[in-house]
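*Asks:* Before anything else, here's the structure in question.
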Amino acid sequence: MTLKSNARKTAAALLRPFGMELVRSARDLDDFLEPGKQRDAIFRRVAVVAGDWLQNQSIAPWHQNFDIEHEVREFFGDYLASPFRETSGGSRIGNLLWLDLLAKALAPDVMLDSGTFRGASAWALSRGNPSARVFSFDIDMSQLLLRVPGVDYVESDWTQQDVTGQNMLCYFDDHVDQCRRVREAAKRGVSIAVFDDDYDVSQFAPMAHGGFSLPKLSFCFDESLGDGEVIAWREAGRRYEWTVPKGELDAVRGLVGQYQRLPDISAPFGVDQMPYSIAVLKR
Ligand SMILES: C[S@@+](CC[C@H](N)C(=O)[O-])C[C@H]1O[C@@H](n2cnc3c(N)ncnc32)[C@H](O)[C@@H]1O
């Protein structure tokens with residue numbers, strides 16, 4: 001038995017009583033097809049799905065026509081070279097590619113990224129539309145891996161800064177109650193809000209953060225929820241409850257002109273990720 005495998009066994013035994021296990025750290029796309037026909041087919045499939053949505057959406061005019069398959073291919077190369085391939089915590093290839101495509105196609109003049117973490121979403125938004133002003137907010141900037149030139153990184157909640165623009169897009173990936181984020185965005189004149197982790201009522205438990213992240217925006221559009229209904233779930237061994245505030249959900253729904261789930265472009269890369277939802281806010 002080698003020294004290495006002994007150390008691994010000891011570490012695993014130490015972690016087990018705390019309900020933790022030792023797993024090999026992996027990065028996105030460490031195991032992937034080499035360049036060739038089959039890999040090209042993946043890029044084509046992703047471009048067809050994304051292109052179909054982008055060309056048919058009625059959220060915003062398509063400002064900039066571009067070759068989507070070429071963009072997918074270029075993005076893939078840049079993502080492989082990026083420092084954002086850790087699979088824990090941050091956004092992964094499919095969703096980051098959506099941020100790049102939305103930023104490029106819808107061309108907002110100001111983009112706000114709430115929840116910087118390692119910096120992946122700010123990088124993808126800025127990559128798609130380098131001429132826009134980009135602000136990236138986090139209450140803890142200590143995990144930031146890459147500062148993209150031209151992006152303003154701000155260590156605070158986004159509501160602490162006065163940002164104005166003609167056509168603002170906000171990306172929320174900060175574990176904060178999404179109805180609160182819609183109210184804040186509507187008040188500040190944001191046109192488009194994109195949400196990560198907008199799980200429906202049957203799936204939200206792993207992303208509830210003890211109820212701090214509730215309600216999800218999807219709850220506002222869920223006709224099955226009744227006022228005062230109590231939803232209970234278990235999270236990390238504890239039981240939690242949340243009571244449906246129907247009036248509040250309806251009020252937030254009234255601020256939203258369009259609400260859609262983006263199609264899944266992660267699966268063709270072999271990545272399992274909840275696709276974003278996108279809301280157009282009434283002006
Ligand atoms: C899932 S990570 C963000 C991942 C990142 N957007 C990406 O694409 O890789 C969530 C981040 O939200 C941050 N956060 C928590 N509360 C926040 C707040 N009120 N405003 C901004 N960021 C917040 C956390 O510190 C954490 O870094």
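In the structure tokens, the first chain shown is A, the next is B, and so on; residue numbers restart at 1 for each chain, and ligands run from 1 in the order shown.
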When DSSP is applied to the backbone of this structure, which of stretch 119-238 of chain A are assigned strand (DSSP E or B)? Write them out as a ChimeraX atom specification.
*Replies:* /A:133-137,151-154,168-172,192-195,230-235,238
*Asks:* Kindly export the residues of the current selection with C-alpha atoms, as an mmCIF file, in the first residue's frame.
*Replies:*
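Once written, out-v2.cif looks like this:
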```
data_model
loop_
_atom_site.group_PDB
_atom_site.id
_atom_site.type_symbol
_atom_site.label_atom_id
_atom_site.label_comp_id
_atom_site.auth_asym_id
_atom_site.auth_seq_id
_atom_site.Cartn_x
_atom_site.Cartn_y
_atom_site.Cartn_z
ATOM 1 C CA ARG A 133 -21.204 48.752 -18.692
ATOM 2 C CA VAL A 134 -21.004 45.732 -16.401
ATOM 3 C CA PHE A 135 -21.329 45.834 -12.610
ATOM 4 C CA SER A 136 -20.781 42.717 -10.558
ATOM 5 C CA PHE A 137 -21.933 42.690 -6.930
ATOM 6 C CA VAL A 151 -16.185 45.307 -15.227
ATOM 7 C CA ASP A 152 -16.865 47.152 -11.960
ATOM 8 C CA TYR A 153 -16.676 44.710 -9.046
ATOM 9 C CA VAL A 154 -18.566 46.065 -6.056
ATOM 10 C CA MET A 168 -30.675 47.244 -18.328
ATOM 11 C CA LEU A 169 -30.293 43.503 -17.870
ATOM 12 C CA CYS A 170 -29.865 42.045 -14.369
ATOM 13 C CA TYR A 171 -28.626 38.543 -13.657
ATOM 14 C CA PHE A 172 -29.514 37.271 -10.181
ATOM 15 C CA ILE A 192 -34.790 42.115 -18.319
ATOM 16 C CA ALA A 193 -34.100 39.965 -15.249
ATOM 17 C CA VAL A 194 -32.449 36.555 -15.563
ATOM 18 C CA PHE A 195 -32.611 34.142 -12.628
ATOM 19 C CA VAL A 230 -47.832 25.726 4.446
ATOM 20 C CA ILE A 231 -45.043 24.038 2.513
ATOM 21 C CA ALA A 232 -42.656 21.941 4.597
ATOM 22 C CA TRP A 233 -39.323 20.502 3.518
ATOM 23 C CA ARG A 234 -36.156 18.956 4.932
ATOM 24 C CA GLU A 235 -32.777 20.496 4.340
ATOM 25 C CA ARG A 238 -33.608 19.991 9.538
#
```
*Asks:* For ligand 1, collect every residue having any atom at a distance of at most 9 Å from a ligand atom (counting only C-alpha atoms and all ligand atoms); output as number ranges by chain.
*Replies:* A: 84, 88-92, 95-96, 113-124, 136-144, 155-159, 171-176, 196-197
*Asks:* Suppose we keep N, CA and C atoms; can you now write the selection as a tab-separated table (two decimals), in the first residue's frame?
*Replies:*
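Below you can see selection.tsv, which holds the result:
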```tsv
chain	number	residue	atom	x	y	z
A	84	PHE	N	-12.82	29.07	-14.53
A	84	PHE	CA	-14.15	28.87	-13.94
A	84	PHE	C	-14.69	27.45	-14.07
A	88	SER	N	-18.15	23.06	-8.47
A	88	SER	CA	-18.94	23.38	-7.27
A	88	SER	C	-19.20	24.88	-7.15
A	89	GLY	N	-20.46	25.22	-6.90
A	89	GLY	CA	-20.77	26.62	-6.53
A	89	GLY	C	-21.09	27.56	-7.67
A	90	GLY	N	-20.24	27.63	-8.67
A	90	GLY	CA	-20.45	28.62	-9.72
A	90	GLY	C	-21.28	28.09	-10.88
A	91	SER	N	-21.57	28.99	-11.85
A	91	SER	CA	-22.30	28.57	-13.05
A	91	SER	C	-21.40	27.70	-13.91
A	92	ARG	N	-22.02	26.87	-14.72
A	92	ARG	CA	-21.26	25.95	-15.57
A	92	ARG	C	-21.48	26.28	-17.04
A	95	ASN	N	-25.14	27.36	-18.84
A	95	ASN	CA	-25.75	28.60	-18.39
A	95	ASN	C	-24.85	29.80	-18.69
A	96	LEU	N	-23.54	29.62	-18.55
A	96	LEU	CA	-22.63	30.75	-18.88
A	96	LEU	C	-22.73	31.09	-20.37
A	113	ASP	N	-24.72	42.06	-12.44
A	113	ASP	CA	-24.53	40.66	-12.07
A	113	ASP	C	-24.56	40.60	-10.54
A	114	SER	N	-25.61	39.99	-9.99
A	114	SER	CA	-25.70	39.96	-8.52
A	114	SER	C	-25.32	38.57	-8.04
A	115	GLY	N	-24.15	38.47	-7.38
A	115	GLY	CA	-23.58	37.19	-6.95
A	115	GLY	C	-22.34	36.89	-7.80
A	116	THR	N	-21.23	37.57	-7.48
A	116	THR	CA	-20.01	37.45	-8.30
A	116	THR	C	-19.34	36.08	-8.12
A	117	PHE	N	-19.16	35.68	-6.86
A	117	PHE	CA	-18.44	34.46	-6.47
A	117	PHE	C	-17.07	34.43	-7.15
A	118	ARG	N	-16.80	33.47	-8.06
A	118	ARG	CA	-15.47	33.43	-8.67
A	118	ARG	C	-15.34	34.39	-9.86
A	119	GLY	N	-16.49	34.92	-10.32
A	119	GLY	CA	-16.43	35.90	-11.41
A	119	GLY	C	-16.90	35.35	-12.74
A	120	ALA	N	-17.43	34.12	-12.77
A	120	ALA	CA	-17.77	33.49	-14.04
A	120	ALA	C	-18.90	34.22	-14.78
A	121	SER	N	-19.96	34.57	-14.07
A	121	SER	CA	-21.09	35.19	-14.77
A	121	SER	C	-20.72	36.58	-15.29
A	122	ALA	N	-19.93	37.35	-14.51
A	122	ALA	CA	-19.51	38.67	-14.99
A	122	ALA	C	-18.64	38.51	-16.24
A	123	TRP	N	-17.78	37.51	-16.23
A	123	TRP	CA	-16.92	37.23	-17.39
A	123	TRP	C	-17.77	36.91	-18.63
A	124	ALA	N	-18.79	36.06	-18.46
A	124	ALA	CA	-19.61	35.63	-19.61
A	124	ALA	C	-20.44	36.80	-20.15
A	136	SER	N	-20.62	44.02	-11.19
A	136	SER	CA	-20.78	42.72	-10.56
A	136	SER	C	-20.73	42.91	-9.04
A	137	PHE	N	-21.79	42.45	-8.37
A	137	PHE	CA	-21.93	42.69	-6.93
A	137	PHE	C	-21.83	41.39	-6.13
A	138	ASP	N	-21.14	41.48	-5.01
A	138	ASP	CA	-21.16	40.36	-4.06
A	138	ASP	C	-20.89	40.94	-2.68
A	139	ILE	N	-21.52	40.36	-1.66
A	139	ILE	CA	-21.27	40.86	-0.31
A	139	ILE	C	-19.93	40.32	0.22
A	140	ASP	N	-19.34	39.37	-0.54
A	140	ASP	CA	-18.02	38.83	-0.16
A	140	ASP	C	-17.23	38.56	-1.45
A	141	MET	N	-16.28	39.43	-1.75
A	141	MET	CA	-15.51	39.32	-3.00
A	141	MET	C	-14.27	38.42	-2.86
A	142	SER	N	-14.13	37.74	-1.71
A	142	SER	CA	-12.88	37.02	-1.46
A	142	SER	C	-12.66	35.83	-2.39
A	143	GLN	N	-13.71	35.36	-3.07
A	143	GLN	CA	-13.56	34.18	-3.93
A	143	GLN	C	-13.23	34.54	-5.39
A	144	LEU	N	-13.19	35.84	-5.70
A	144	LEU	CA	-13.02	36.27	-7.09
A	144	LEU	C	-11.69	35.78	-7.67
A	155	GLU	N	-18.28	45.36	-3.75
A	155	GLU	CA	-18.57	44.47	-2.61
A	155	GLU	C	-19.74	45.02	-1.81
A	156	SER	N	-20.94	44.80	-2.32
A	156	SER	CA	-22.16	45.19	-1.60
A	156	SER	C	-23.35	44.58	-2.32
A	157	ASP	N	-24.51	44.70	-1.70
A	157	ASP	CA	-25.74	44.33	-2.37
A	157	ASP	C	-25.98	45.32	-3.52
A	158	TRP	N	-26.59	44.86	-4.61
A	158	TRP	CA	-26.72	45.74	-5.78
A	158	TRP	C	-27.57	46.98	-5.52
A	159	THR	N	-28.46	46.91	-4.51
A	159	THR	CA	-29.34	48.05	-4.23
A	159	THR	C	-28.59	49.22	-3.58
A	171	TYR	N	-28.72	39.99	-13.86
A	171	TYR	CA	-28.63	38.54	-13.66
A	171	TYR	C	-28.53	38.30	-12.15
A	172	PHE	N	-29.49	37.53	-11.62
A	172	PHE	CA	-29.51	37.27	-10.18
A	172	PHE	C	-29.13	35.82	-9.89
A	173	ASP	N	-28.02	35.68	-9.18
A	173	ASP	CA	-27.52	34.36	-8.79
A	173	ASP	C	-26.92	34.52	-7.40
A	174	ASP	N	-27.76	34.99	-6.46
A	174	ASP	CA	-27.22	35.40	-5.16
A	174	ASP	C	-27.96	34.76	-3.98
A	175	HIS	N	-28.84	33.80	-4.27
A	175	HIS	CA	-29.58	33.07	-3.22
A	175	HIS	C	-30.57	33.94	-2.46
A	176	VAL	N	-30.82	35.15	-2.97
A	176	VAL	CA	-31.78	36.03	-2.31
A	176	VAL	C	-33.17	35.76	-2.88
A	196	ASP	N	-31.02	32.51	-11.85
A	196	ASP	CA	-30.53	31.15	-11.65
A	196	ASP	C	-31.34	30.54	-10.51
A	197	ASP	N	-31.37	29.22	-10.44
A	197	ASP	CA	-32.00	28.51	-9.31
A	197	ASP	C	-33.48	28.84	-9.13
```
*Asks:* Do you know which residues are at most 12 Å from A:Val280 counting only C-alpha atoms, after dropping those on the same chain fewer than 4 positions away, and could you put them as a list in words?
*Replies:*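 Everything that qualifies: Gln57, Ser58, Ile59, Ala60, Asn167, Met168, Leu169, Cys170, Val182, Ala185, Ala186, Gly189, Val190, Ser191, Ile192, Ala193, Val194, Phe195, Arg253, Gly254, Leu255, Val256, Gly257, Gln258, Tyr259, Gln260 and Arg261 of chain A.
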*Asks:* One decimal, Å: what's the distance from atom CA of A:Ile265 over to atom CA of A:Ala26, could you say?
*Replies:*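 Answer for the atom CA of A:Ile265 to atom CA of A:Ala26 separation: 20.7 Å.
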*Asks:* Name the residues of stretch 23-55 of chain A that come out as helix (DSSP H, G or I) in a backbone DSSP run; write them as a list in words.
*Replies:*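 Across stretch 23-55 of chain A, those assigned helix (DSSP H, G or I) are Lys37, Gln38, Arg39, Asp40, Ala41, Ile42, Phe43, Arg44, Arg45, Val46, Ala47, Val48, Val49, Ala50, Gly51, Asp52, Trp53, Leu54 and Gln55 of chain A.
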*Asks:* Please produce a file of those selected residues containing C-alpha atoms, as a short mmCIF file (atom, residue, chain, number, x, y, z; two decimals), in the first residue's frame.
*Replies:*
```cif
data_model
loop_
_atom_site.label_atom_id
_atom_site.label_comp_id
_atom_site.auth_asym_id
_atom_site.auth_seq_id
_atom_site.Cartn_x
_atom_site.Cartn_y
_atom_site.Cartn_z
CA LYS A 37 -17.10 15.27 -36.35
CA GLN A 38 -18.93 14.19 -33.17
CA ARG A 39 -17.73 17.18 -31.20
CA ASP A 40 -18.82 19.50 -34.05
CA ALA A 41 -22.28 17.90 -33.87
CA ILE A 42 -22.56 19.00 -30.21
CA PHE A 43 -21.82 22.63 -31.11
CA ARG A 44 -24.36 22.45 -33.94
CA ARG A 45 -27.05 20.98 -31.66
CA VAL A 46 -26.51 23.70 -29.05
CA ALA A 47 -26.57 26.42 -31.74
CA VAL A 48 -29.86 25.12 -33.16
CA VAL A 49 -31.59 25.12 -29.75
CA ALA A 50 -30.24 28.52 -28.70
CA GLY A 51 -30.78 30.04 -32.16
CA ASP A 52 -34.36 28.84 -32.30
CA TRP A 53 -35.13 30.56 -29.01
CA LEU A 54 -33.19 33.75 -29.80
CA GLN A 55 -34.73 34.19 -33.23
#
```
*Asks:* Could you list, as a ChimeraX atom specification, every residue within 10 Å of A:Pro215, counting only C-alpha atoms and ignoring same-chain residues fewer than 6 positions away?
*Replies:* /A:176-180,198-201,204,208,242-245,248-249
*Asks:* What's the separation between atom CA of A:Leu106 and atom CA of A:Trp62, in Å to one decimal place?
*Replies:*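 Here the two named atoms are 5.4 Å from each other.
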*Asks:* Please indicate the distance in Å from atom CA of A:Asp67 to atom CA of A:Ala107, rounded to one decimal place.
*Replies:*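 Rounded to one decimal, the two atoms are 15.3 Å apart.
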*Asks:* Calculated over only C-alpha atoms, which of the candidates A:Pro83, A:Leu125, A:Gln273, A:Ala12 has the smallest distance to A:Trp98?
*Replies:* A:Leu125
*Asks:* Give me, as a ChimeraX atom specification, all polymer residues having an atom no more than 9 Å from A:Ser126, counting only C-alpha atoms and skipping those fewer than 6 positions away in the same chain.
*Replies:* /A:99-100,103,111,132-134,148,150-151
*Asks:* Could the residues in this selection be written to a file with N, CA and C atoms, as a compact mmCIF listing (two decimals), in the first residue's frame?
*Replies:*
```txt
# COMPACT_ATOMS: atom_id res chain seq x y z
N LEU A 99 -25.58 33.36 -20.89
CA LEU A 99 -25.32 34.76 -20.54
C LEU A 99 -24.58 35.46 -21.67
N ASP A 100 -23.61 34.76 -22.25
CA ASP A 100 -22.86 35.33 -23.38
C ASP A 100 -23.80 35.61 -24.56
N ALA A 103 -26.33 38.47 -23.80
CA ALA A 103 -25.65 39.77 -23.80
C ALA A 103 -25.35 40.22 -25.23
N MET A 111 -25.34 46.01 -17.73
CA MET A 111 -25.63 44.66 -17.23
C MET A 111 -25.18 44.58 -15.76
N ALA A 132 -20.88 47.11 -23.26
CA ALA A 132 -21.84 47.49 -22.21
C ALA A 132 -21.10 47.81 -20.91
N ARG A 133 -21.75 48.57 -20.05
CA ARG A 133 -21.20 48.75 -18.69
C ARG A 133 -21.62 47.53 -17.89
N VAL A 134 -20.68 46.92 -17.20
CA VAL A 134 -21.00 45.73 -16.40
C VAL A 134 -20.62 46.00 -14.95
N VAL A 148 -12.21 41.02 -14.90
CA VAL A 148 -12.25 41.33 -16.33
C VAL A 148 -12.12 42.84 -16.49
N GLY A 150 -12.78 46.48 -17.40
CA GLY A 150 -14.04 47.13 -17.80
C GLY A 150 -15.21 46.76 -16.92
N VAL A 151 -15.09 45.68 -16.14
CA VAL A 151 -16.19 45.31 -15.23
C VAL A 151 -15.93 45.98 -13.88
```
